[in-house]
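> What follows is a single structure, and I will ask about it in a moment.
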Amino acid sequence: MKIELLAPAGNFESLVAAVESGSDAVYIGGRKYSARASAGNFSEEEIIKAIEYAHKRNVKIYITINILLTDEELVDSLEYVQFLYNNDVDGIIVQDLGLLYWIKKHFPDMPVHCSTQMTIHNKDAVEILGKLGANRFVLAREMSIEAIKKLIESTNAETEIFVHGALCVSYSGQCLMSSFIGGRSGNRGRCAQPCRKKYMLVNLENNRDMKMKKKGYLLSLKDLNTIKHLDKIIKCGVKSLKIEGRMKKSEYVGIVVKHYKDVLNQVEKKNNLEISEDVERELEIAFNRGFTHGFLLNEKKHEIVNIERPNNKGVYIGKILWQKGNRAAILVENYNLNQGDGIEIISDNGASIGATISNIQKQSDDVLIINVHRKLIPGSKVYKTYDIGLNKKASEQYFYVNKRKIHLNAKLFAHIGNKLRIEVWDNEGHRVEVENSYVINEAEKVSTTRERIISQLVKTGDTPYIFDKIDVCMDDNIFVSISVLNEIRREALKRMDGVLSCRNRRKHCNFHKEDFISSFIPKKHTKIYEFHFSASIWDYDNVEAAIEGGAEYIYYGITDRIKEAIKLCHSNNKEIYFFLPSIIKDEEKDKYISIIKENDFDGIVISNISQLCFANIKPGLTVVGNFSLNVFNKRSMDLYLELGANIICPSVELNIKQLKSIAYNYGSSMELVVYGQLPLMTLEYCPVSLVSDCKECSHQRNYGLKDDKGVVFPIICKQYKTQLLNSHVLFVAEDMRKITSIGAKRMRLDFYRENRNDVKEIISLYKNYNNLDQHIHNKVIQRIKIAGHTKGHYFRGVD
């Protein structure tokens with residue numbers, strides 16, 4: 001199996017770099033519906049140009065539509081997909097389940113790739129999405145090679161994994177931090193990267209900083225670099241190796257793609273792997289936050305972060321010796337500096353100064369004198385963050401327009417009395433034929449030789465083509481002018497452009513917006529006259545309090561004292577559901593099957609599409625979908641219900657207007673979260689691992705991360721996965737008349753850290769939302785507001 005090297009491009013210059021330096025495919029985003037909204041991205045005209053450029057060079061183009069879509073956007077995005085389909089895009093990368101469905105319904109031969117934003121981490125997700133028509137699966141970056149190998153062996157799925165570039169600290173698709181802090185949603189392509197900010201690990205019991213005072217960029221992961229392990233990665237059976245970097249410059253793209261392609265070729269041809277120091281150095285200088293081989297190769301969790309800095313680390317050069325006025329001396333210990341290089345000078349207290357070398361003098365073999373305009377501290381470390389020589393080398397050697405050639409063969413026919421004709425074909429079997437209007441005559445003076453014809457035809461100029469072999473079938477003593485030979489060559493290459501640009505040979509589609517709208521008929525409107533309260537509980541001691549407070553459904557999220565919790569609920573005529581964790585790896589599945597089989601739960605709460613497989617473990621289980629399913633529109637809602645869910649909690653990023661629209665048709669199957677310190681991130685890495693081994697999960701309630709504004713985000717551990725909770729509790733008791741007007745069947749309250757008294761009082765408060773002027777309720781309201789609360793996105797939504 002040929003391994004695909006998939007490169008990023010945020011603009012056309014980067015696309016050229018990706019193609020010419022050796023990529024097999026490039027993923028790009030348009031001006032809308034892309035998860036990298038801040039990248040340059042491509043207009044529709046540029047997309048057409050990109051497809052033509054890549055296809056001529058046998059490189060595929062994948063377009064990202066990898067965000068969650070509202071109902072209105074879903075229809076518009078299908079018109080966009082039709083444009084992409086008709087212009088021969090090779091695949092579309094999606095996050096939204098509804099969009100996946102609609103693409104396969106209207107454009108069944110369009111390959112659809114499930115984005116890493118879909119949190120695909122086990123074989124059940126692959127099988128369910130495969131049945132919906134997905135062609136490729138971008139696996140979660142938290143998966144190991146061993147897990148990936150087993151998944152591929154058991155499913156025979158076409159998979160894609162990241163091998164180089166920036167890493168998200170949260171499972172992709174499960175991060176709400178940017179959304180809830182500033183309204184910029186990662187699920188909508190506008191992440192503000194709060195994970196790259198400074199935090200301090202604190203003890204929540206006494207709100208003191210921990211003794212070790214672990215402070216820094218505690219959520220900022222190092223950059224992934226697996227080039228030394230490509231031989232192991234290839235053996236696991238993955239189809240596509242993906243490089244992150246649509247926000248990076250073209251030089252970065254060219255450098256990384258070139259070296260990864262060289263190593264892939266080396267492994268495939270020689271079955272060995274040798275990485276030179278020069279290659280390692282160039283990858284490091286191109287950009288790095290420190291390198292890690294990540295969860296893919298089982299990096300220790302506490303070693304995957306770079307707590308010292310969140311941006312380009314560069315490479316260490318040396319130290320400041322002295323400064324005299326505007327001149328400073330650097331003791332060079334590693335590499336070298338040149339005029340035009342970028343450096344960063346970091347003192348022991350962490351203060352940094354960036355500069356571009358405008359003038360440099362060599363005092364001795366290891367001492368350089370530079371001009372500076374700010375005061376420096378002797379002993380400060382100097383890092384090279386930009387290498388002008390390497391960037392020049394990249395643009396001159398690694399990539400430039402038409403570096404990558406398409407090899408052609410040709411056969412020219414020149415017989416007296418016939419028109420001049422040429423056949424041209426490539427090594428893949430694409431063939432064109434051109435007949436010129438020029439009729440061959442005998443030469444009156446000087447005849448045209450075979451050598452002369454060939455020498456003229458091989459002049460392909462500024463095209464990506466090169467002729468390997470040209471045969472000429474000709475009569476003796478003929479004459480063909482140079483201009484005619486040039487004309488027939490140009491026309492042949494132009495036709496080859498057209499053939500190669502449309503490699504997928506699709507029939508043109510001409511759907512109209514009305515066709516898309518009319519093809520989906522949601523459920524009929526059902527008015528909800530009453531609703532019920534559910535409560536998710538993460539402490540057995542709170543089960544009784546939830547029942548006493550008035551909760552009608554209990555979602556039990558821990559594995560302790562299960563039978564006691566069930567008995568308590570059933571003796572009080574309350575239903576109890578088992579709340580499955582957000583992440584269940586393949587090797588963990590049997591544990592949860594046993595829990596459901598061996599206990600008398602009335603239902604389950606699923607947090608990932610893969611968990612629909614648990615619905616059939618026992619007959620009669622009610623299936624509730626958590627908001628982590630990222631249901632953003634009616635089509636996705638309808639799909640989950642068709643797949644076996646009974647109740648769905650839509651995305652907590654939707655506002656009241658959007659929720660009302662969904663509830664109009666699906667209110668009887670809809671749940672809303674109206675209280676809770678919601679999880680903002682789900683992590684494989686745990687910040688507490690920086691100071692302890694975390695094996696016993698004893699930090700479940702004790703620790704949090706404090707930001708530079710003093711806001712604390714609690715850390716909890718559930719079923720061996722770490723979650724970072726919001727600093728403020730979602731609290732909308734005073735707005736419940738507006739919330740209930742949405743028309744949902746259930747209202748849910750989540751209790752992660754509250755005590756039994758809190759649980760009972762808060763549920764009672766919500767149950768009595770029509771009468772909140774009672775003294776006891778006022779006390780609870782004030783206590784919550786003082787501690788800090790948010791109304792979430794009910795009244796604002798997300799960008």
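Residues in the structure tokens are numbered from 1 in each chain, the chains being A, B, ... in the order shown, and ligands are numbered from 1 in the order shown.
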List as a ChimeraX atom specification the protein and nucleic acid residues near Asn646 in chain A, meaning an atom at most 10 Å away when only C-alpha atoms are counted, but skip any in the same chain fewer than 2 places from it.
/A:603,621-625,640-644,648,668-670
> List as a list of chain:residue names the protein and nucleic acid residues near Lys760 in chain A, meaning an atom at most 10 Å away when only C-alpha atoms are counted, but skip any in the same chain fewer than 5 places from it.
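Using only C-alpha atoms, the neighbours found are A:Asn542, A:Val543, A:Glu544, A:Ala545, A:Ala546, A:Ile547, A:Glu548, A:Gly549, A:Gly550, A:Ala551, A:Glu754, A:Asn755, A:Leu765.
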> I need the residues from that last selection saved to file as an mmCIF file, in the first residue's frame (with C-alpha atoms), if you can.

data_model
loop_
_atom_site.group_PDB
_atom_site.id
_atom_site.type_symbol
_atom_site.label_atom_id
_atom_site.label_comp_id
_atom_site.auth_asym_id
_atom_site.auth_seq_id
_atom_site.Cartn_x
_atom_site.Cartn_y
_atom_site.Cartn_z
ATOM 1 C CA ASN A 542 -25.402 12.949 46.378
ATOM 2 C CA VAL A 543 -27.844 10.432 44.909
ATOM 3 C CA GLU A 544 -30.242 10.654 47.826
ATOM 4 C CA ALA A 545 -29.951 14.451 47.871
ATOM 5 C CA ALA A 546 -30.887 14.611 44.170
ATOM 6 C CA ILE A 547 -33.934 12.448 44.772
ATOM 7 C CA GLU A 548 -34.998 14.557 47.757
ATOM 8 C CA GLY A 549 -34.514 17.721 45.704
ATOM 9 C CA GLY A 550 -36.942 16.435 43.082
ATOM 10 C CA ALA A 551 -34.854 14.996 40.229
ATOM 11 C CA GLU A 754 -21.185 20.064 45.027
ATOM 12 C CA ASN A 755 -22.002 18.555 48.430
ATOM 13 C CA LEU A 765 -34.519 25.945 43.405
#
> In Å, with one decimal, what is the gap from CA of Cys569 in chain A to CA of Asn630 in chain A?
29.3 Å
> For Lys232 in chain A, which of A:Arg281, A:Lys149, A:Lys513, A:Arg196 is the closest residue, counting only C-alpha atoms?
A:Lys149
> Have a look at A:Ile243, A:Ile67, A:Val332, A:Ile517 and name the one nearest to Asp223 in chain A; count only C-alpha atoms.
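Answer, going by the shortest atom-to-atom distance: A:Ile243.
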> In terms of the shortest atom-to-atom distance over only C-alpha atoms, which of A:Tyr703, A:Tyr260, A:Phe291, A:Phe180 is closest to Leu680 in chain A?
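The answer is A:Phe180, which sits nearest to Leu680 in chain A.
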> Applying 12 Å and only C-alpha atoms, which residues near Lys249 in chain A remain after dropping the ones on its own chain fewer than 5 positions away? List them as a ChimeraX atom specification.
/A:8-18,39-40,244,254-256,286-287,386,391,394-395
> Write to file, as an mmCIF file, in the first residue's frame, the residues of the selection just made, with N, CA and C atoms.

data_model
loop_
_atom_site.group_PDB
_atom_site.id
_atom_site.type_symbol
_atom_site.label_atom_id
_atom_site.label_comp_id
_atom_site.auth_asym_id
_atom_site.auth_seq_id
_atom_site.Cartn_x
_atom_site.Cartn_y
_atom_site.Cartn_z
ATOM 1 N N PRO A 8 -0.280 20.572 4.704
ATOM 2 C CA PRO A 8 -1.206 21.697 4.898
ATOM 3 C C PRO A 8 -0.880 22.857 3.965
ATOM 4 N N ALA A 9 -1.879 23.675 3.677
ATOM 5 C CA ALA A 9 -1.639 24.925 2.951
ATOM 6 C C ALA A 9 -2.698 25.937 3.338
ATOM 7 N N GLY A 10 -2.247 27.064 3.866
ATOM 8 C CA GLY A 10 -3.161 28.134 4.252
ATOM 9 C C GLY A 10 -3.320 29.184 3.176
ATOM 10 N N ASN A 11 -2.482 29.120 2.130
ATOM 11 C CA ASN A 11 -2.579 30.036 1.003
ATOM 12 C C ASN A 11 -1.925 29.386 -0.211
ATOM 13 N N PHE A 12 -1.977 30.072 -1.350
ATOM 14 C CA PHE A 12 -1.505 29.433 -2.578
ATOM 15 C C PHE A 12 0.010 29.221 -2.562
ATOM 16 N N GLU A 13 0.732 30.128 -1.971
ATOM 17 C CA GLU A 13 2.188 29.972 -1.893
ATOM 18 C C GLU A 13 2.552 28.707 -1.117
ATOM 19 N N SER A 14 1.836 28.446 -0.033
ATOM 20 C CA SER A 14 2.091 27.235 0.743
ATOM 21 C C SER A 14 1.665 25.991 -0.022
ATOM 22 N N LEU A 15 0.621 26.116 -0.845
ATOM 23 C CA LEU A 15 0.219 24.988 -1.673
ATOM 24 C C LEU A 15 1.329 24.617 -2.657
ATOM 25 N N VAL A 16 1.913 25.615 -3.273
ATOM 26 C CA VAL A 16 3.030 25.357 -4.183
ATOM 27 C C VAL A 16 4.169 24.675 -3.427
ATOM 28 N N ALA A 17 4.458 25.162 -2.229
ATOM 29 C CA ALA A 17 5.526 24.565 -1.424
ATOM 30 C C ALA A 17 5.223 23.111 -1.113
ATOM 31 N N ALA A 18 3.986 22.823 -0.758
ATOM 32 C CA ALA A 18 3.596 21.455 -0.413
ATOM 33 C C ALA A 18 3.718 20.529 -1.619
ATOM 34 N N ALA A 39 -6.456 31.454 9.103
ATOM 35 C CA ALA A 39 -5.501 31.248 8.014
ATOM 36 C C ALA A 39 -5.912 32.109 6.822
ATOM 37 N N GLY A 40 -4.996 32.248 5.854
ATOM 38 C CA GLY A 40 -5.323 33.038 4.664
ATOM 39 C C GLY A 40 -6.510 32.449 3.932
ATOM 40 N N GLU A 244 0.509 18.950 10.336
ATOM 41 C CA GLU A 244 -0.291 20.104 10.760
ATOM 42 C C GLU A 244 0.412 21.378 10.315
ATOM 43 N N GLY A 254 7.393 23.677 3.110
ATOM 44 C CA GLY A 254 8.353 23.063 2.200
ATOM 45 C C GLY A 254 9.413 22.254 2.914
ATOM 46 N N ILE A 255 9.939 22.786 4.009
ATOM 47 C CA ILE A 255 10.998 22.092 4.756
ATOM 48 C C ILE A 255 10.477 20.784 5.349
ATOM 49 N N VAL A 256 9.345 20.842 6.013
ATOM 50 C CA VAL A 256 8.823 19.657 6.687
ATOM 51 C C VAL A 256 8.409 18.595 5.672
ATOM 52 N N ALA A 286 12.914 25.258 11.687
ATOM 53 C CA ALA A 286 11.716 25.673 10.954
ATOM 54 C C ALA A 286 10.641 26.164 11.912
ATOM 55 N N PHE A 287 10.402 25.407 12.989
ATOM 56 C CA PHE A 287 9.479 25.816 14.054
ATOM 57 C C PHE A 287 9.404 24.680 15.056
ATOM 58 N N TYR A 386 14.613 32.329 13.628
ATOM 59 C CA TYR A 386 14.397 32.441 12.183
ATOM 60 C C TYR A 386 15.748 32.349 11.505
ATOM 61 N N ASN A 391 15.511 29.414 5.062
ATOM 62 C CA ASN A 391 14.311 29.804 4.330
ATOM 63 C C ASN A 391 14.614 30.069 2.858
ATOM 64 N N ALA A 394 15.077 26.705 1.261
ATOM 65 C CA ALA A 394 13.784 26.044 1.048
ATOM 66 C C ALA A 394 13.134 26.522 -0.239
ATOM 67 N N SER A 395 13.108 27.847 -0.443
ATOM 68 C CA SER A 395 12.424 28.394 -1.626
ATOM 69 C C SER A 395 13.216 28.180 -2.907
#
> Between A:Glu575, A:Glu598, A:Glu435, A:Glu530, single out the one closest to Lys563 in chain A, counting only C-alpha atoms.
A:Glu598
> Tell me, which residues of range 196-302 of chain A carry DSSP strand (DSSP E), written as a list in words?
Tyr199, Met200, Leu201, Val202, Asn203, Arg208, Asp209, Lys215, Gly216, Asp223, Leu224, Asn225, Ser240, Leu241, Lys242, Ile243, Phe291 and Thr292 of chain A
> Could you pull the residues within 12 Å of Phe578 in chain A, counting only C-alpha atoms, minus those fewer than 3 positions along the same chain, as a ChimeraX atom specification?
/A:535-538,553-560,562-563,565-566,575,581,592-593,595-607,614-615,621-626
> I need the residues of range 537-671 of chain A that end up classed as helix (DSSP H, G or I) by DSSP on the backbone, written out as a PyMOL selection string.
chain A and resi 540-549+562-571+586-598+609-616+627-629+634-642+656-669
> Counting only C-alpha atoms, which of A:Glu4, A:Glu205, A:Glu52, A:Glu451 gets nearest to Lys494 in chain A?
A:Glu52
> Which residues are near range 310-313 of chain A? Cut-off 8 Å, only C-alpha atoms, ignore same chain within fewer than 2 positions. Put them as a VMD selection string.
chain A and resid 196 to 197 217 220 to 221 287 to 290 306 to 308 315 383 385
> Next, dump the selected residues to file, keeping only N, CA and C atoms, as a PDB file, in the first residue's frame.

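That gives us selection.pdb:
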ATOM      1  N   ARG A 196      -2.544  27.979  25.390  1.00  0.00           N
ATOM      2  CA  ARG A 196      -1.178  28.519  25.251  1.00  0.00           C
ATOM      3  C   ARG A 196      -0.909  29.644  26.252  1.00  0.00           C
ATOM      4  N   LYS A 197      -1.785  29.793  27.254  1.00  0.00           N
ATOM      5  CA  LYS A 197      -1.594  30.830  28.265  1.00  0.00           C
ATOM      6  C   LYS A 197      -1.001  30.235  29.542  1.00  0.00           C
ATOM      7  N   TYR A 217       3.225  27.354  31.346  1.00  0.00           N
ATOM      8  CA  TYR A 217       2.255  27.047  30.286  1.00  0.00           C
ATOM      9  C   TYR A 217       1.852  25.577  30.432  1.00  0.00           C
ATOM     10  N   SER A 220       0.184  23.771  27.452  1.00  0.00           N
ATOM     11  CA  SER A 220       0.771  23.972  26.128  1.00  0.00           C
ATOM     12  C   SER A 220       1.638  22.770  25.743  1.00  0.00           C
ATOM     13  N   LEU A 221       1.140  21.960  24.836  1.00  0.00           N
ATOM     14  CA  LEU A 221       1.875  20.765  24.416  1.00  0.00           C
ATOM     15  C   LEU A 221       3.015  21.129  23.474  1.00  0.00           C
ATOM     16  N   PHE A 287      10.402  25.407  12.989  1.00  0.00           N
ATOM     17  CA  PHE A 287       9.479  25.816  14.054  1.00  0.00           C
ATOM     18  C   PHE A 287       9.404  24.680  15.056  1.00  0.00           C
ATOM     19  N   ASN A 288       9.488  25.029  16.324  1.00  0.00           N
ATOM     20  CA  ASN A 288       9.265  24.009  17.343  1.00  0.00           C
ATOM     21  C   ASN A 288       8.936  24.657  18.680  1.00  0.00           C
ATOM     22  N   ARG A 289       8.069  24.007  19.424  1.00  0.00           N
ATOM     23  CA  ARG A 289       7.798  24.371  20.821  1.00  0.00           C
ATOM     24  C   ARG A 289       8.489  23.378  21.750  1.00  0.00           C
ATOM     25  N   GLY A 290       9.580  22.793  21.254  1.00  0.00           N
ATOM     26  CA  GLY A 290      10.101  21.569  21.823  1.00  0.00           C
ATOM     27  C   GLY A 290       9.386  20.441  21.100  1.00  0.00           C
ATOM     28  N   ASN A 306       5.394  21.668  27.216  1.00  0.00           N
ATOM     29  CA  ASN A 306       6.505  22.609  27.374  1.00  0.00           C
ATOM     30  C   ASN A 306       5.994  23.756  28.239  1.00  0.00           C
ATOM     31  N   ILE A 307       6.241  23.679  29.531  1.00  0.00           N
ATOM     32  CA  ILE A 307       5.662  24.663  30.441  1.00  0.00           C
ATOM     33  C   ILE A 307       6.415  25.988  30.412  1.00  0.00           C
ATOM     34  N   GLU A 308       7.546  26.031  29.714  1.00  0.00           N
ATOM     35  CA  GLU A 308       8.377  27.239  29.721  1.00  0.00           C
ATOM     36  C   GLU A 308       7.931  28.286  28.724  1.00  0.00           C
ATOM     37  N   VAL A 315      16.297  27.416  18.250  1.00  0.00           N
ATOM     38  CA  VAL A 315      17.431  26.577  18.649  1.00  0.00           C
ATOM     39  C   VAL A 315      18.401  27.420  19.471  1.00  0.00           C
ATOM     40  N   TYR A 383      18.503  32.433  21.459  1.00  0.00           N
ATOM     41  CA  TYR A 383      17.946  31.392  20.599  1.00  0.00           C
ATOM     42  C   TYR A 383      17.738  31.955  19.202  1.00  0.00           C
ATOM     43  N   THR A 385      15.432  31.981  16.169  1.00  0.00           N
ATOM     44  CA  THR A 385      14.037  31.658  15.888  1.00  0.00           C
ATOM     45  C   THR A 385      13.691  31.782  14.398  1.00  0.00           C
TER      46      THR A 385
END
> I'd like to know which of A:Leu612, A:Ile181, A:Val439, A:Val94 is closest to Asn135 in chain A, using only C-alpha atoms.
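Among the listed residues, the smallest separation from Asn135 in chain A belongs to A:Val94.
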> Could you pull the residues within 9 Å of range 334-340 of chain A, counting only C-alpha atoms, minus those fewer than 4 positions along the same chain, as a PyMOL selection string?
chain A and resi 315-318+356-360+368+384+386-389
> For the interface of range 7-36 of chain A with range 102-126 of chain A (cut-off 12 Å, counting only C-alpha atoms), please tabulate each contacting residue of range 7-36 of chain A alongside its nearest pair of atoms and their separation in Å to one decimal, rows sorted by chain and increasing number, as a tab-separated table.

residue	atom	partner	partner_atom	distance
A:Tyr27	CA	A:His113	CA	11.2
A:Ser34	CA	A:Ser115	CA	11.4
A:Ala35	CA	A:Gln117	CA	9.3
